[in-house]
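Below is one structure; the comments refer to it alone.
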Amino acid sequence: MFAVILSVAVPFAFAESDHAKTITECEAIYPELETLGKAKFLQRYAHHPDIRSCLTLYNDITWFSEGSDRTDRLIALLGEPIVKKPVRDRFEQTSNIPSWIKDDATRWQQGKERDNIFSYGIRFLINSKMIDAPIGLSDQPRCMSDQICVSKNHYIKYSIKDTTSQDVTNLTHTFGTPGNTIAISSTEITKKDKRQDNFHIDSDGLIDHTKQYYSFVHKTSIKIGTTIDSKYPITTTGEVIFPFKNQQRDAMIAWDKTKQYQEVIDKNTGIVLFAKYNDRIKKTEWSAELTDTNAFSEEIQIQYNGMRIPSWFKNPVKWWTEGRISDSEYISSINYLLKNNIMQI
């Protein structure tokens with residue numbers, strides 16, 4: 001009996017120990033992701049033995065957690081199978097079809113991926129100028145530059161945790177009609193209290209003629225090196241893929257100059273996905289995590305509205321993935337379908 005138990009438990013202990021070492025290694029190189037940005041970071045660490053595990057951890061909200069069970073949850077993540085897929089860069093210029101597009105196409109024609117995943121590869125080919133798309137098919141910006149990107153009745157909900165008071169605040173902000181000023185209806189709920197308030201922010205994000213900036217949505221567009229007026233002045237230092245519900249959001253990481261305050265900001269909308277303040281001297285800490293919003297769901301609806309991919313196109317896709325037709329023949333077939341409005345992406 002004891003021999004059987006040991007034969008199972010000891011390998012598990014070794015595996016857990018290996019995962020802990022991997023987490024330590026990922027924590028050691030994570031600051032470079034923020035400094036270099038995603039593209040340069042991946043170039044530098046392309047052959048690092050733990051890079052896939054690190055990307056899995058970075059892409060999970062647990063990575064940003066300060067809870068006592070953080071390490072256990074990260075170890076559990078590493079215990080799950082890691083799908084080895086190339087990291088996608090939708091703006092990459094290339095003369096060859098990347099392997100991840102063929103991988104996605106294979107899974108799509110097998111019924112293992114949805115249409116929007118397959119269409120991502122086609123959009124990549126359009127952005128890379130490999131497909132001469134008709135006017136209107138390429139990605140269009142959804143938010144005006146240098147403006148706060150919200151619409152009437154958009155809402156954002158946060159869970160705000162304060163280690164000093166050991167309290168959790170559920171905060172909801174609902175936006176009015178955008179203009180020179182934007183009305184915001186606020187509801188704060190704690191275990192002891194519920195408060196409601198109304199205020200306005202101007203086009204720069206200043207709250208009601210004060211010198212305090214609104215810290216939950218920022219003006220777009222946001223790039224590496226952008227300086228943002230928030231709860232504290234912050235500067236974006238890198239990119240990350242941030243998980244939100246069933247989505248993977250392109251996001252920017254920003255820090256204040258003291259490295260005590262951090263925000264993870266949605267790249268498309270400027271909505272703050274996660275924020276954290278940690279005063280190491282006073283030993284105070286609070287964090288705000290986006291828990292719900294309807295801004296992203298509307299964005300996705302716009303992005304994929306009217307998508308049409310004929311089911312019979314799975315046959316040419318299969319021929320291409322099996323090498324029975326060439327890349328140029330495959331691209332020509334997509335060109336034909338797009339230009340004749342048989343396929344809509």
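Ligands are numbered from 1 in the order shown, residues from 1 within each chain, and chains are lettered A, B, ... in the order they appear in the structure tokens.
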
Neighbour list for Gly67 (chain A) as a count of residues only, cut-off 12 Å, only C-alpha atoms, skip fewer than 5 positions in-chain:
10

Going by DSSP on the backbone, which residues of region 225-325 of chain A come out as strand (DSSP E or B)? List them as a ChimeraX atom specification.
/A:227-228,234-244,247-255,261-266,271-279,284-293,308

Same residues, N, CA and C atoms, saved as a short mmCIF file (atom, residue, chain, number, x, y, z; two decimals), in the first residue's frame:
data_model
loop_
_atom_site.label_atom_id
_atom_site.label_comp_id
_atom_site.auth_asym_id
_atom_site.auth_seq_id
_atom_site.Cartn_x
_atom_site.Cartn_y
_atom_site.Cartn_z
N THR A 227 2.04 58.78 -22.45
CA THR A 227 1.86 59.27 -21.09
C THR A 227 0.38 59.53 -20.85
N ILE A 228 -0.13 59.02 -19.74
CA ILE A 228 -1.57 59.07 -19.46
C ILE A 228 -1.79 59.74 -18.11
N ILE A 234 0.97 58.12 -15.50
CA ILE A 234 1.56 56.83 -15.85
C ILE A 234 2.03 56.85 -17.29
N THR A 235 2.94 55.92 -17.60
CA THR A 235 3.47 55.79 -18.96
C THR A 235 3.41 54.33 -19.36
N THR A 236 2.94 54.07 -20.58
CA THR A 236 2.85 52.69 -21.05
C THR A 236 4.25 52.17 -21.37
N THR A 237 4.50 50.93 -20.94
CA THR A 237 5.83 50.35 -21.10
C THR A 237 5.85 49.07 -21.92
N GLY A 238 4.69 48.47 -22.17
CA GLY A 238 4.69 47.22 -22.91
C GLY A 238 3.29 46.76 -23.24
N GLU A 239 3.22 45.65 -23.98
CA GLU A 239 1.95 45.07 -24.39
C GLU A 239 1.78 43.69 -23.77
N VAL A 240 0.52 43.29 -23.61
CA VAL A 240 0.22 41.98 -23.05
C VAL A 240 -1.15 41.56 -23.58
N ILE A 241 -1.37 40.26 -23.66
CA ILE A 241 -2.70 39.73 -23.94
C ILE A 241 -3.36 39.44 -22.60
N PHE A 242 -4.48 40.11 -22.33
CA PHE A 242 -5.10 40.03 -21.02
C PHE A 242 -6.43 39.29 -21.12
N PRO A 243 -6.63 38.24 -20.33
CA PRO A 243 -7.89 37.49 -20.41
C PRO A 243 -9.02 38.22 -19.70
N PHE A 244 -10.16 38.33 -20.38
CA PHE A 244 -11.36 38.90 -19.78
C PHE A 244 -12.53 38.03 -20.19
N GLN A 247 -12.71 36.26 -23.57
CA GLN A 247 -11.97 37.00 -24.58
C GLN A 247 -10.50 37.12 -24.20
N GLN A 248 -9.67 37.35 -25.21
CA GLN A 248 -8.27 37.68 -25.01
C GLN A 248 -8.07 39.10 -25.54
N ARG A 249 -7.87 40.05 -24.64
CA ARG A 249 -7.83 41.46 -25.02
C ARG A 249 -6.40 41.93 -25.23
N ASP A 250 -6.17 42.63 -26.34
CA ASP A 250 -4.89 43.32 -26.54
C ASP A 250 -4.83 44.47 -25.55
N ALA A 251 -3.79 44.50 -24.73
CA ALA A 251 -3.73 45.49 -23.65
C ALA A 251 -2.35 46.10 -23.54
N MET A 252 -2.29 47.26 -22.89
CA MET A 252 -1.05 47.96 -22.61
C MET A 252 -0.82 47.98 -21.10
N ILE A 253 0.42 47.82 -20.70
CA ILE A 253 0.80 47.91 -19.29
C ILE A 253 1.41 49.29 -19.06
N ALA A 254 0.97 49.96 -17.99
CA ALA A 254 1.47 51.30 -17.68
C ALA A 254 1.84 51.39 -16.21
N TRP A 255 2.90 52.14 -15.92
CA TRP A 255 3.38 52.33 -14.55
C TRP A 255 3.56 53.81 -14.26
N TYR A 261 2.32 52.13 -8.76
CA TYR A 261 0.98 52.09 -9.33
C TYR A 261 1.06 51.54 -10.75
N GLN A 262 0.18 50.58 -11.05
CA GLN A 262 0.18 49.91 -12.34
C GLN A 262 -1.24 49.83 -12.89
N GLU A 263 -1.37 49.99 -14.20
CA GLU A 263 -2.63 49.76 -14.87
C GLU A 263 -2.42 48.85 -16.07
N VAL A 264 -3.41 47.99 -16.33
CA VAL A 264 -3.48 47.22 -17.57
C VAL A 264 -4.67 47.77 -18.34
N ILE A 265 -4.42 48.35 -19.52
CA ILE A 265 -5.42 49.14 -20.23
C ILE A 265 -5.77 48.47 -21.56
N ASP A 266 -7.06 48.30 -21.81
CA ASP A 266 -7.49 47.73 -23.08
C ASP A 266 -7.05 48.64 -24.23
N ILE A 271 -10.32 51.24 -21.82
CA ILE A 271 -10.91 50.83 -20.54
C ILE A 271 -9.85 50.13 -19.69
N VAL A 272 -9.77 50.48 -18.42
CA VAL A 272 -8.80 49.87 -17.52
C VAL A 272 -9.29 48.48 -17.13
N LEU A 273 -8.48 47.47 -17.44
CA LEU A 273 -8.83 46.09 -17.14
C LEU A 273 -8.42 45.71 -15.72
N PHE A 274 -7.33 46.30 -15.27
CA PHE A 274 -6.81 45.96 -13.95
C PHE A 274 -5.91 47.11 -13.48
N ALA A 275 -6.00 47.44 -12.20
CA ALA A 275 -5.14 48.48 -11.62
C ALA A 275 -4.71 48.03 -10.23
N LYS A 276 -3.50 48.42 -9.86
CA LYS A 276 -2.99 48.02 -8.54
C LYS A 276 -2.06 49.09 -8.01
N TYR A 277 -2.22 49.39 -6.72
CA TYR A 277 -1.32 50.31 -6.02
C TYR A 277 -0.71 49.58 -4.84
N ASN A 278 0.61 49.66 -4.71
CA ASN A 278 1.30 48.96 -3.63
C ASN A 278 2.36 49.88 -3.05
N ASP A 279 2.08 50.41 -1.85
CA ASP A 279 3.04 51.26 -1.14
C ASP A 279 3.86 50.36 -0.22
N THR A 284 0.56 49.44 2.35
CA THR A 284 -0.84 49.52 1.96
C THR A 284 -0.97 49.09 0.51
N GLU A 285 -2.10 48.51 0.21
CA GLU A 285 -2.29 47.99 -1.15
C GLU A 285 -3.77 47.96 -1.49
N TRP A 286 -4.08 48.31 -2.73
CA TRP A 286 -5.44 48.12 -3.22
C TRP A 286 -5.38 47.76 -4.70
N SER A 287 -6.42 47.13 -5.17
CA SER A 287 -6.48 46.74 -6.57
C SER A 287 -7.90 46.88 -7.08
N ALA A 288 -8.02 47.11 -8.38
CA ALA A 288 -9.33 47.21 -9.04
C ALA A 288 -9.31 46.30 -10.26
N GLU A 289 -10.28 45.42 -10.34
CA GLU A 289 -10.35 44.46 -11.44
C GLU A 289 -11.68 44.59 -12.16
N LEU A 290 -11.63 44.77 -13.48
CA LEU A 290 -12.85 44.85 -14.28
C LEU A 290 -13.56 43.50 -14.25
N THR A 291 -14.83 43.50 -13.85
CA THR A 291 -15.58 42.25 -13.76
C THR A 291 -16.66 42.13 -14.84
N ASP A 292 -17.11 43.27 -15.38
CA ASP A 292 -18.15 43.20 -16.41
C ASP A 292 -18.21 44.52 -17.16
N THR A 293 -18.57 44.45 -18.43
CA THR A 293 -18.81 45.63 -19.25
C THR A 293 -19.58 45.20 -20.49
N ARG A 308 -19.82 36.10 -43.34
CA ARG A 308 -20.40 35.00 -44.10
C ARG A 308 -19.28 34.20 -44.76
#

Residue neighbourhood Lys231 (chain A), 8 Å, only C-alpha atoms, exclusion window fewer than 2 positions, as a VMD selection string
chain A and resid 212 to 215 229 233

Export all heavy atoms of the chosen residues as a PDB file, in the first residue's frame?
ATOM      1  N   GLN A 212      -8.507  66.383 -10.712  1.00  0.00           N
ATOM      2  CA  GLN A 212      -8.420  64.929 -10.588  1.00  0.00           C
ATOM      3  C   GLN A 212      -8.892  64.275 -11.883  1.00  0.00           C
ATOM      4  O   GLN A 212      -9.952  64.605 -12.412  1.00  0.00           O
ATOM      5  CB  GLN A 212      -9.285  64.451  -9.419  1.00  0.00           C
ATOM      6  CG  GLN A 212      -9.196  62.957  -9.169  1.00  0.00           C
ATOM      7  CD  GLN A 212     -10.033  62.532  -7.972  1.00  0.00           C
ATOM      8  OE1 GLN A 212     -10.646  63.365  -7.307  1.00  0.00           O
ATOM      9  NE2 GLN A 212     -10.058  61.247  -7.699  1.00  0.00           N
ATOM     10  N   TYR A 213      -8.088  63.338 -12.387  1.00  0.00           N
ATOM     11  CA  TYR A 213      -8.422  62.667 -13.637  1.00  0.00           C
ATOM     12  C   TYR A 213      -9.199  61.381 -13.377  1.00  0.00           C
ATOM     13  O   TYR A 213      -8.949  60.668 -12.398  1.00  0.00           O
ATOM     14  CB  TYR A 213      -7.157  62.335 -14.433  1.00  0.00           C
ATOM     15  CG  TYR A 213      -6.563  63.529 -15.137  1.00  0.00           C
ATOM     16  CD1 TYR A 213      -5.571  64.294 -14.532  1.00  0.00           C
ATOM     17  CD2 TYR A 213      -7.005  63.904 -16.403  1.00  0.00           C
ATOM     18  CE1 TYR A 213      -5.027  65.396 -15.175  1.00  0.00           C
ATOM     19  CE2 TYR A 213      -6.471  65.006 -17.058  1.00  0.00           C
ATOM     20  CZ  TYR A 213      -5.482  65.748 -16.437  1.00  0.00           C
ATOM     21  OH  TYR A 213      -4.956  66.844 -17.076  1.00  0.00           O
ATOM     22  N   TYR A 214     -10.127  61.116 -14.276  1.00  0.00           N
ATOM     23  CA  TYR A 214     -10.887  59.865 -14.224  1.00  0.00           C
ATOM     24  C   TYR A 214      -9.938  58.712 -14.531  1.00  0.00           C
ATOM     25  O   TYR A 214      -9.146  58.784 -15.482  1.00  0.00           O
ATOM     26  CB  TYR A 214     -12.016  59.914 -15.245  1.00  0.00           C
ATOM     27  CG  TYR A 214     -12.960  58.744 -15.203  1.00  0.00           C
ATOM     28  CD1 TYR A 214     -13.748  58.506 -14.082  1.00  0.00           C
ATOM     29  CD2 TYR A 214     -13.075  57.883 -16.290  1.00  0.00           C
ATOM     30  CE1 TYR A 214     -14.631  57.437 -14.047  1.00  0.00           C
ATOM     31  CE2 TYR A 214     -13.958  56.814 -16.262  1.00  0.00           C
ATOM     32  CZ  TYR A 214     -14.729  56.597 -15.135  1.00  0.00           C
ATOM     33  OH  TYR A 214     -15.598  55.538 -15.102  1.00  0.00           O
ATOM     34  N   SER A 215     -10.010  57.639 -13.746  1.00  0.00           N
ATOM     35  CA  SER A 215      -8.966  56.611 -13.829  1.00  0.00           C
ATOM     36  C   SER A 215      -9.445  55.261 -14.343  1.00  0.00           C
ATOM     37  O   SER A 215      -8.704  54.273 -14.255  1.00  0.00           O
ATOM     38  CB  SER A 215      -8.330  56.412 -12.443  1.00  0.00           C
ATOM     39  OG  SER A 215      -9.311  56.032 -11.488  1.00  0.00           O
ATOM     40  N   ASP A 229      -2.742  60.676 -18.085  1.00  0.00           N
ATOM     41  CA  ASP A 229      -3.154  61.288 -16.824  1.00  0.00           C
ATOM     42  C   ASP A 229      -4.232  60.413 -16.207  1.00  0.00           C
ATOM     43  O   ASP A 229      -5.334  60.287 -16.736  1.00  0.00           O
ATOM     44  CB  ASP A 229      -3.696  62.699 -17.064  1.00  0.00           C
ATOM     45  CG  ASP A 229      -2.611  63.663 -17.516  1.00  0.00           C
ATOM     46  OD1 ASP A 229      -1.544  63.680 -16.882  1.00  0.00           O
ATOM     47  OD2 ASP A 229      -2.833  64.381 -18.510  1.00  0.00           O
ATOM     48  N   PRO A 233       0.092  60.045 -12.713  1.00  0.00           N
ATOM     49  CA  PRO A 233       0.612  60.068 -14.087  1.00  0.00           C
ATOM     50  C   PRO A 233       1.335  58.757 -14.389  1.00  0.00           C
ATOM     51  O   PRO A 233       2.185  58.315 -13.614  1.00  0.00           O
ATOM     52  CB  PRO A 233       1.582  61.255 -14.075  1.00  0.00           C
ATOM     53  CG  PRO A 233       1.149  62.106 -12.924  1.00  0.00           C
ATOM     54  CD  PRO A 233       0.630  61.152 -11.894  1.00  0.00           C
TER      55      PRO A 233
END

With DSSP run on the backbone, what are the alpha helix (DSSP H) residues within region 123-189 of chain A? I'd like them as a short mmCIF file (atom, residue, chain, number, x, y, z; two decimals) with N, CA, C and O atoms, in the first residue's frame.
data_model
loop_
_atom_site.label_atom_id
_atom_site.label_comp_id
_atom_site.auth_asym_id
_atom_site.auth_seq_id
_atom_site.Cartn_x
_atom_site.Cartn_y
_atom_site.Cartn_z
N ARG A 123 -7.95 38.02 -42.22
CA ARG A 123 -7.68 39.44 -41.95
C ARG A 123 -6.18 39.70 -41.86
O ARG A 123 -5.70 40.75 -42.27
N PHE A 124 -5.45 38.74 -41.31
CA PHE A 124 -3.99 38.88 -41.27
C PHE A 124 -3.43 38.97 -42.69
O PHE A 124 -2.57 39.80 -42.98
N LEU A 125 -3.92 38.11 -43.58
CA LEU A 125 -3.44 38.12 -44.97
C LEU A 125 -3.80 39.43 -45.66
O LEU A 125 -3.04 39.94 -46.49
N ILE A 126 -4.96 40.00 -45.29
CA ILE A 126 -5.35 41.30 -45.85
C ILE A 126 -4.42 42.38 -45.35
O ILE A 126 -3.90 43.20 -46.11
N ASN A 127 -4.17 42.39 -44.02
CA ASN A 127 -3.29 43.41 -43.44
C ASN A 127 -1.86 43.28 -43.93
O ASN A 127 -1.12 44.26 -43.99
#

Return the single residue from A:Leu337, A:Asn246, A:Arg195, A:Asn268 that is closest to Asp60 (chain A), with distances computed using only C-alpha atoms.
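Closest to Asp60 (chain A) of all the choices is A:Asn246.
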
Quick one: pull the distance between CA of Gly37 (chain A) and CA of Lys102 (chain A), Å, one decimal.
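So the answer is 26.3 Å.
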
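Relative to CA of Asn96 (chain A), CA of Lys129 (chain A) is found at 11.0 Å.
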
For region 146-156 of chain A, list every protein, DNA or RNA residue within 9 Å, evaluated using only C-alpha atoms, and leave out those in the same chain fewer than 3 positions away; present the list as a ChimeraX atom specification.
/A:142-143,171-178,203-205,216-222,268-271,290-295

Please provide the set of residues having any atom within 7 Å of Gln196 (chain A), restricted to only C-alpha atoms, with same-chain residues fewer than 6 positions apart removed, written as a PyMOL selection string.
chain A and resi 186-188

How about saving the chosen residues, N, CA, C and O atoms kept, as a PDB file, in the first residue's frame?
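Output file out.pdb follows:
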ATOM      1  N   SER A 186     -22.752  56.672 -10.868  1.00  0.00           N
ATOM      2  CA  SER A 186     -21.892  55.777 -10.098  1.00  0.00           C
ATOM      3  C   SER A 186     -22.670  55.105  -8.971  1.00  0.00           C
ATOM      4  O   SER A 186     -23.457  55.750  -8.272  1.00  0.00           O
ATOM      5  N   THR A 187     -22.434  53.801  -8.806  1.00  0.00           N
ATOM      6  CA  THR A 187     -23.001  53.045  -7.683  1.00  0.00           C
ATOM      7  C   THR A 187     -21.881  52.263  -7.012  1.00  0.00           C
ATOM      8  O   THR A 187     -21.163  51.510  -7.678  1.00  0.00           O
ATOM      9  N   GLU A 188     -21.718  52.461  -5.702  1.00  0.00           N
ATOM     10  CA  GLU A 188     -20.714  51.738  -4.923  1.00  0.00           C
ATOM     11  C   GLU A 188     -21.422  50.906  -3.861  1.00  0.00           C
ATOM     12  O   GLU A 188     -22.223  51.427  -3.087  1.00  0.00           O
TER      13      GLU A 188
END

Which value, in Å to one decimal, gives the distance between CA of Glu113 (chain A) and CA of Trp63 (chain A)?
26.9 Å

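Ranking A:Met130, A:Leu206, A:Ile224, A:Ile334 by their shortest atom-to-atom distance to Glu34 (chain A), with only C-alpha atoms included, puts A:Ile224 first.
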
If you count only C-alpha atoms, the residue of A:Thr190, A:Ser311, A:Ser145, A:Ser99 closest to Ser165 (chain A) turns out to be A:Thr190
